[in-house]
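Chemist: If it helps, the file is called input_25.pdb and holds PDB, C-alpha atoms and all ligand atoms:
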```
ATOM      1  CA  MET K  61    -103.800 184.731   5.037
ATOM      2  CA  ARG K  62    -101.235 181.998   5.312
ATOM      3  CA  ASP K  63    -103.735 179.660   7.006
ATOM      4  CA  GLU K  64    -106.293 180.493   4.366
ATOM      5  CA  ILE K  65    -103.864 179.662   1.536
ATOM      6  CA  VAL K  66    -102.678 176.450   3.199
ATOM      7  CA  ALA K  67    -106.292 175.300   3.751
ATOM      8  CA  HIS K  68    -107.368 176.246   0.208
ATOM      9  CA  SER K  69    -109.202 173.449  -1.621
ATOM     10  CA  GLY K  70    -112.306 172.514  -3.497
ATOM     11  CA  CYS K  71    -112.328 175.402  -5.975
ATOM     12  CA  GLY K  72    -112.135 173.130  -9.011
ATOM     13  CA  TYR K  73    -109.179 174.856 -10.697
ATOM     14  CA  GLU K  74    -106.739 172.223 -11.921
ATOM     15  CA  PRO K  75    -103.539 173.352 -10.117
ATOM     16  CA  CYS K  76    -105.425 173.677  -6.823
ATOM     17  CA  GLU K  77    -106.874 170.188  -7.258
ATOM     18  CA  THR K  78    -103.703 168.405  -8.407
ATOM     19  CA  ALA K  79    -100.998 170.100  -6.311
ATOM     20  CA  THR K  80     -99.617 168.267  -3.264
ATOM     21  CA  ARG K  81    -100.071 171.444  -1.253
ATOM     22  CA  THR K  82    -100.482 175.162  -1.826
ATOM     23  CA  VAL K  83     -97.479 177.412  -1.357
ATOM     24  CA  PRO K  84     -98.014 180.666   0.541
ATOM     25  CA  GLY K  85     -95.593 183.582   0.340
ATOM     26  CA  GLU K  86     -92.967 183.820   3.068
ATOM     27  CA  GLY K  87     -90.452 186.213   4.568
ATOM     28  CA  ASN K  88     -90.705 189.453   6.489
ATOM     29  CA  PRO K  89     -94.297 190.773   6.461
ATOM     30  CA  GLU K  90     -92.840 194.259   6.872
ATOM     31  CA  ALA K  91     -90.469 193.836   3.946
ATOM     32  CA  ALA K  92     -89.522 196.800   1.790
ATOM     33  CA  VAL K  93     -89.279 194.503  -1.238
ATOM     34  CA  VAL K  94     -91.612 191.803  -2.526
ATOM     35  CA  PHE K  95     -90.382 189.291  -5.137
ATOM     36  CA  VAL K  96     -93.165 187.738  -7.216
ATOM     37  CA  GLY K  97     -92.620 184.523  -9.181
ATOM     38  CA  GLU K  98     -95.023 182.673 -11.430
ATOM     39  CA  ALA K  99     -96.122 179.460  -9.697
ATOM     40  CA  PRO K 100     -94.595 176.755  -7.501
ATOM     41  CA  GLY K 101     -92.560 174.008  -9.164
ATOM     42  CA  LYS K 102     -91.952 170.428  -8.029
ATOM     43  CA  ASN K 103     -89.714 171.205  -5.042
ATOM     44  CA  GLU K 104     -91.961 174.017  -3.857
ATOM     45  CA  ASP K 105     -94.984 171.707  -4.160
ATOM     46  CA  GLU K 106     -93.249 169.096  -2.015
ATOM     47  CA  LEU K 107     -92.042 171.482   0.676
ATOM     48  CA  GLY K 108     -94.834 174.074   0.665
ATOM     49  CA  ARG K 109     -92.339 176.930   0.366
ATOM     50  CA  PRO K 110     -91.633 179.280  -2.570
ATOM     51  CA  PHE K 111     -88.359 179.205  -4.520
ATOM     52  CA  VAL K 112     -86.642 176.308  -2.762
ATOM     53  CA  GLY K 113     -85.498 174.387  -5.865
ATOM     54  CA  ARG K 114     -82.815 175.256  -8.402
ATOM     55  CA  ALA K 115     -84.426 178.545  -9.403
ATOM     56  CA  GLY K 116     -84.628 179.332  -5.688
ATOM     57  CA  LYS K 117     -80.912 178.726  -5.259
ATOM     58  CA  LEU K 118     -80.234 181.202  -8.045
ATOM     59  CA  LEU K 119     -82.677 183.659  -6.471
ATOM     60  CA  ASP K 120     -80.724 183.367  -3.192
ATOM     61  CA  GLU K 121     -77.529 184.231  -5.085
ATOM     62  CA  LEU K 122     -79.254 187.220  -6.677
ATOM     63  CA  LEU K 123     -80.466 188.422  -3.287
ATOM     64  CA  ALA K 124     -76.895 188.195  -2.003
ATOM     65  CA  GLU K 125     -75.716 190.163  -5.045
ATOM     66  CA  ALA K 126     -78.305 192.843  -4.218
ATOM     67  CA  GLY K 127     -77.110 192.851  -0.594
ATOM     68  CA  VAL K 128     -80.346 191.586   0.921
ATOM     69  CA  VAL K 129     -81.066 188.461   2.950
ATOM     70  CA  ARG K 130     -83.990 186.204   2.265
ATOM     71  CA  GLY K 131     -85.527 186.696   5.698
ATOM     72  CA  ASP K 132     -85.728 190.453   5.178
ATOM     73  CA  VAL K 133     -87.778 190.355   1.977
ATOM     74  CA  TRP K 134     -91.080 188.746   0.983
ATOM     75  CA  ILE K 135     -91.097 186.000  -1.638
ATOM     76  CA  THR K 136     -94.303 184.834  -3.263
ATOM     77  CA  ASN K 137     -95.924 183.676  -6.505
ATOM     78  CA  VAL K 138     -98.846 184.846  -8.612
ATOM     79  CA  VAL K 139    -100.385 181.359  -8.500
ATOM     80  CA  LYS K 140    -100.057 179.506  -5.192
ATOM     81  CA  ALA K 141    -100.532 175.940  -6.482
ATOM     82  CA  ARG K 142     -98.249 174.019  -8.861
ATOM     83  CA  PRO K 143     -99.737 173.609 -12.338
ATOM     84  CA  PRO K 144     -99.515 169.977 -13.522
ATOM     85  CA  LYS K 145     -96.120 169.191 -15.063
ATOM     86  CA  ASN K 146     -95.096 172.815 -14.463
ATOM     87  CA  ARG K 147     -97.173 174.041 -17.396
ATOM     88  CA  ASP K 148     -97.825 177.780 -17.588
ATOM     89  CA  PRO K 149    -100.741 178.825 -15.412
ATOM     90  CA  LYS K 150    -103.871 179.589 -17.473
ATOM     91  CA  ALA K 151    -105.533 182.999 -17.417
ATOM     92  CA  PRO K 152    -108.518 181.883 -15.273
ATOM     93  CA  GLU K 153    -106.111 180.269 -12.770
ATOM     94  CA  ILE K 154    -104.140 183.496 -12.546
ATOM     95  CA  ALA K 155    -107.373 185.456 -12.106
ATOM     96  CA  HIS K 156    -108.425 182.983  -9.401
ATOM     97  CA  TRP K 157    -105.307 183.752  -7.326
ATOM     98  CA  MET K 158    -104.947 187.428  -8.137
ATOM     99  CA  PRO K 159    -107.034 188.750  -5.221
ATOM    100  CA  VAL K 160    -104.724 186.853  -2.860
ATOM    101  CA  LEU K 161    -101.603 188.454  -4.344
ATOM    102  CA  GLU K 162    -103.249 191.849  -4.260
ATOM    103  CA  ARG K 163    -104.209 191.463  -0.608
ATOM    104  CA  GLU K 164    -100.697 190.255   0.201
ATOM    105  CA  ILE K 165     -99.186 193.364  -1.363
ATOM    106  CA  GLU K 166    -101.747 195.611   0.285
ATOM    107  CA  LEU K 167    -100.840 194.212   3.716
ATOM    108  CA  ILE K 168     -97.087 194.426   3.214
ATOM    109  CA  ARG K 169     -97.100 197.799   1.430
ATOM    110  CA  PRO K 170     -93.599 197.339  -0.004
ATOM    111  CA  GLN K 171     -91.562 200.171  -1.450
ATOM    112  CA  LEU K 172     -90.597 197.954  -4.334
ATOM    113  CA  ILE K 173     -92.192 195.020  -6.170
ATOM    114  CA  VAL K 174     -89.883 192.778  -8.176
ATOM    115  CA  PRO K 175     -91.824 190.726 -10.734
ATOM    116  CA  LEU K 176     -89.693 187.752 -11.766
ATOM    117  CA  GLY K 177     -90.167 187.034 -15.452
ATOM    118  CA  ARG K 178     -92.765 187.956 -18.004
ATOM    119  CA  HIS K 179     -95.729 186.170 -16.426
ATOM    120  CA  ALA K 180     -95.468 188.047 -13.143
ATOM    121  CA  LEU K 181     -94.655 191.270 -14.985
ATOM    122  CA  LYS K 182     -97.812 190.935 -17.084
ATOM    123  CA  HIS K 183     -99.988 191.445 -14.032
ATOM    124  CA  PHE K 184     -98.243 194.605 -12.851
ATOM    125  CA  ALA K 185     -97.485 196.215 -16.218
ATOM    126  CA  PRO K 186     -99.463 194.465 -18.989
ATOM    127  CA  ALA K 187     -97.887 196.411 -21.867
ATOM    128  CA  ALA K 188     -94.274 196.101 -20.685
ATOM    129  CA  LYS K 189     -91.861 193.603 -22.222
ATOM    130  CA  ILE K 190     -89.400 191.930 -19.868
ATOM    131  CA  GLY K 191     -86.609 192.156 -22.466
ATOM    132  CA  GLU K 192     -86.982 195.928 -22.498
ATOM    133  CA  VAL K 193     -87.731 196.800 -18.876
ATOM    134  CA  HIS K 194     -85.669 194.306 -16.832
ATOM    135  CA  GLY K 195     -83.396 196.025 -14.331
ATOM    136  CA  THR K 196     -85.172 199.372 -14.562
ATOM    137  CA  LEU K 197     -87.544 201.215 -12.266
ATOM    138  CA  LEU K 198     -91.084 201.375 -13.662
ATOM    139  CA  GLU K 199     -94.042 203.288 -12.283
ATOM    140  CA  GLU K 200     -92.079 204.243  -9.159
ATOM    141  CA  ARG K 201     -92.231 200.866  -7.458
ATOM    142  CA  LEU K 202     -91.728 198.111 -10.033
ATOM    143  CA  PHE K 203     -88.292 196.656 -10.685
ATOM    144  CA  PRO K 204     -88.701 193.665 -13.042
ATOM    145  CA  LEU K 205     -86.042 190.978 -13.306
ATOM    146  CA  TYR K 206     -85.753 188.024 -15.656
ATOM    147  CA  HIS K 207     -87.038 184.841 -14.055
ATOM    148  CA  PRO K 208     -84.108 182.937 -12.459
ATOM    149  CA  ALA K 209     -85.280 179.709 -14.159
ATOM    150  CA  ALA K 210     -84.879 181.359 -17.575
ATOM    151  CA  ALA K 211     -81.266 182.203 -16.769
ATOM    152  CA  MET K 212     -80.295 178.794 -15.465
ATOM    153  CA  TYR K 213     -79.142 177.510 -18.847
ATOM    154  CA  ASN K 214     -78.356 180.834 -20.496
ATOM    155  CA  GLN K 215     -75.082 182.402 -19.394
ATOM    156  CA  THR K 216     -75.779 185.721 -21.137
ATOM    157  CA  LEU K 217     -79.135 186.070 -19.393
ATOM    158  CA  LYS K 218     -77.515 185.023 -16.134
ATOM    159  CA  ALA K 219     -74.894 187.764 -16.414
ATOM    160  CA  THR K 220     -77.651 190.300 -17.132
ATOM    161  CA  LEU K 221     -79.632 189.040 -14.150
ATOM    162  CA  PHE K 222     -76.670 189.545 -11.818
ATOM    163  CA  GLU K 223     -76.067 192.994 -13.260
ATOM    164  CA  ASP K 224     -79.743 193.846 -12.640
ATOM    165  CA  ALA K 225     -79.484 192.472  -9.095
ATOM    166  CA  ARG K 226     -76.609 194.882  -8.442
ATOM    167  CA  ALA K 227     -78.751 197.735  -9.806
ATOM    168  CA  LEU K 228     -81.517 196.628  -7.436
ATOM    169  CA  GLY K 229     -79.058 196.712  -4.549
ATOM    170  CA  ALA K 230     -77.972 200.231  -5.519
ATOM    171  CA  LEU K 231     -81.615 201.351  -5.669
ATOM    172  CA  LEU K 232     -82.348 199.878  -2.243
ATOM    173  CA  SER K 233     -79.380 201.564  -0.617
ATOM    174  CA  ARG K 234     -80.344 205.005  -1.956
TER     175      ARG K 234
HETATM  176  N1  LIG S 301     -90.515 179.318  -9.992
HETATM  177  C1  LIG S 301     -91.459 180.186  -9.581
HETATM  178  O1  LIG S 301     -91.941 181.016 -10.336
HETATM  179  N2  LIG S 301     -91.835 180.121  -8.330
HETATM  180  C2  LIG S 301     -91.331 179.267  -7.448
HETATM  181  O2  LIG S 301     -91.737 179.291  -6.294
HETATM  182  C3  LIG S 301     -90.330 178.380  -7.910
HETATM  183  C4  LIG S 301     -89.947 178.420  -9.179
END
```
Turn the structure described in the file into structure tokens.

Modeler:
Amino acid sequence: MRDEIVAHSGCGYEPCETATRTVPGEGNPEAAVVFVGEAPGKNEDELGRPFVGRAGKLLDELLAEAGVVRGDVWITNVVKARPPKNRDPKAPEIAHWMPVLEREIELIRPQLIVPLGRHALKHFAPAAKIGEVHGTLLEERLFPLYHPAAAMYNQTLKATLFEDARALGALLSR
């Protein structure tokens, strides 16, 4: 799958055509937890790896708070190519990449899926609102968190995110 994602081109969707490179998921393919972000940003686009910029640094801190190491989990995005100027991915672009995310999750069969932010959450639980369900267990295997990028400049959200990360850690050690 990784080779397929890396070689992806020629589909005509704007992010896939304008990105420097596509960004496959990475981590432990036998992970118990899969973290799902929205789409690669500038740093991810340059390095070809998910969550390696500032939001990634915060995600690393959240993982530490939850007592897990990056290499033990799987980290991926709904859309695997950076939308121009980091705009939100459009519905057809999300639909274009959705089968890839679904196959990824099917192969890994995680106990828990952690959608990061409302865009990722929308795919897994369309009616749920991130402000209401963050830090709680939904449908037996969903544990939504606010997106780390949203908390970067909001100390209240950041505190909530760390609190939720501790709840995630408690859930994983059950
Ligand atoms: N934000 C995301 O949603 N994904 C990344 O990989 C980086 C930042």

Chemist: Please identify every polymer residue within 7 Å of ligand LIG 301 (chain S), using only C-alpha atoms and all ligand atoms, and present the set as a PyMOL selection string.

Modeler: chain K and resi 97-101+104+110-113+115-116+136-137+209

Chemist: Could you tell me, as number ranges by chain, exactly which residues end up selected when the PyMOL selection byres (((chain K and resi 157-168) around 6) and not hetatm) is applied to this structure?

Modeler: K: 89-90, 139, 154-156, 169-170

Chemist: Which distance in Å separates CA of Ala79 (chain K) and CA of Ala180 (chain K), to one decimal?

Modeler: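 We find that CA of Ala79 (chain K) and CA of Ala180 (chain K) lie 20.0 Å from each other.
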
Chemist: Give me, please, the distance in Å between CA of Gly85 (chain K) and CA of Ala185 (chain K), quoted to one decimal.

Modeler: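 Interatomic distance here is 20.9 Å.
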
Chemist: Using only C-alpha atoms, determine which residues lie at most 10 Å from Leu228 (chain K), disregarding the query and same-chain residues fewer than 3 positions distant; provide the list as a ChimeraX atom specification.

Modeler: /K:122-123,125-128,172,174,195-197,203-205,222-225,231-233

Chemist: Counting only C-alpha atoms, note down every residue that has an atom within 9 Å of the point (-89.1, 188.9, -2.6) (file coordinates), as number ranges by chain.

Modeler: K: 85-87, 91, 93-97, 123, 130, 132-136, 173-175

Chemist: Taking all atoms listed in the file into account, which of K:Arg109, K:His194, K:Arg201, K:His207 comes nearest His179 (chain K)?

Modeler: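 Among the listed residues, K:His207 lies closest to His179 (chain K).
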
Chemist: Calculated over only C-alpha atoms, which of the candidates K:Ala210, K:Cys76, K:Ala230, K:Leu176 has the smallest distance to Glu153 (chain K)?

Modeler: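 That would be K:Cys76, the residue with the smallest distance to Glu153 (chain K).
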
Chemist: Determine the nearest neighbour of Lys102 (chain K) from the options K:Pro84, K:Pro143, K:Gly191, K:Gly177, counting only C-alpha atoms.

Modeler: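 Closest to Lys102 (chain K), using only C-alpha atoms: K:Pro143.
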
Chemist: Identify all residues satisfying the PyMOL selection byres (((chain K and resi 80) around 10) and not hetatm) in the given file; provide them as a CSV table (one decimal) with C-alpha atoms, in the frame of the given file.

Modeler:
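Writing done, so here's out-v3.csv:
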```csv
chain,number,residue,atom,x,y,z
K,75,PRO,CA,-103.5,173.4,-10.1
K,76,CYS,CA,-105.4,173.7,-6.8
K,77,GLU,CA,-106.9,170.2,-7.3
K,78,THR,CA,-103.7,168.4,-8.4
K,79,ALA,CA,-101.0,170.1,-6.3
K,81,ARG,CA,-100.1,171.4,-1.3
K,82,THR,CA,-100.5,175.2,-1.8
K,83,VAL,CA,-97.5,177.4,-1.4
K,102,LYS,CA,-92.0,170.4,-8.0
K,104,GLU,CA,-92.0,174.0,-3.9
K,105,ASP,CA,-95.0,171.7,-4.2
K,106,GLU,CA,-93.2,169.1,-2.0
K,107,LEU,CA,-92.0,171.5,0.7
K,108,GLY,CA,-94.8,174.1,0.7
K,141,ALA,CA,-100.5,175.9,-6.5
K,142,ARG,CA,-98.2,174.0,-8.9
```
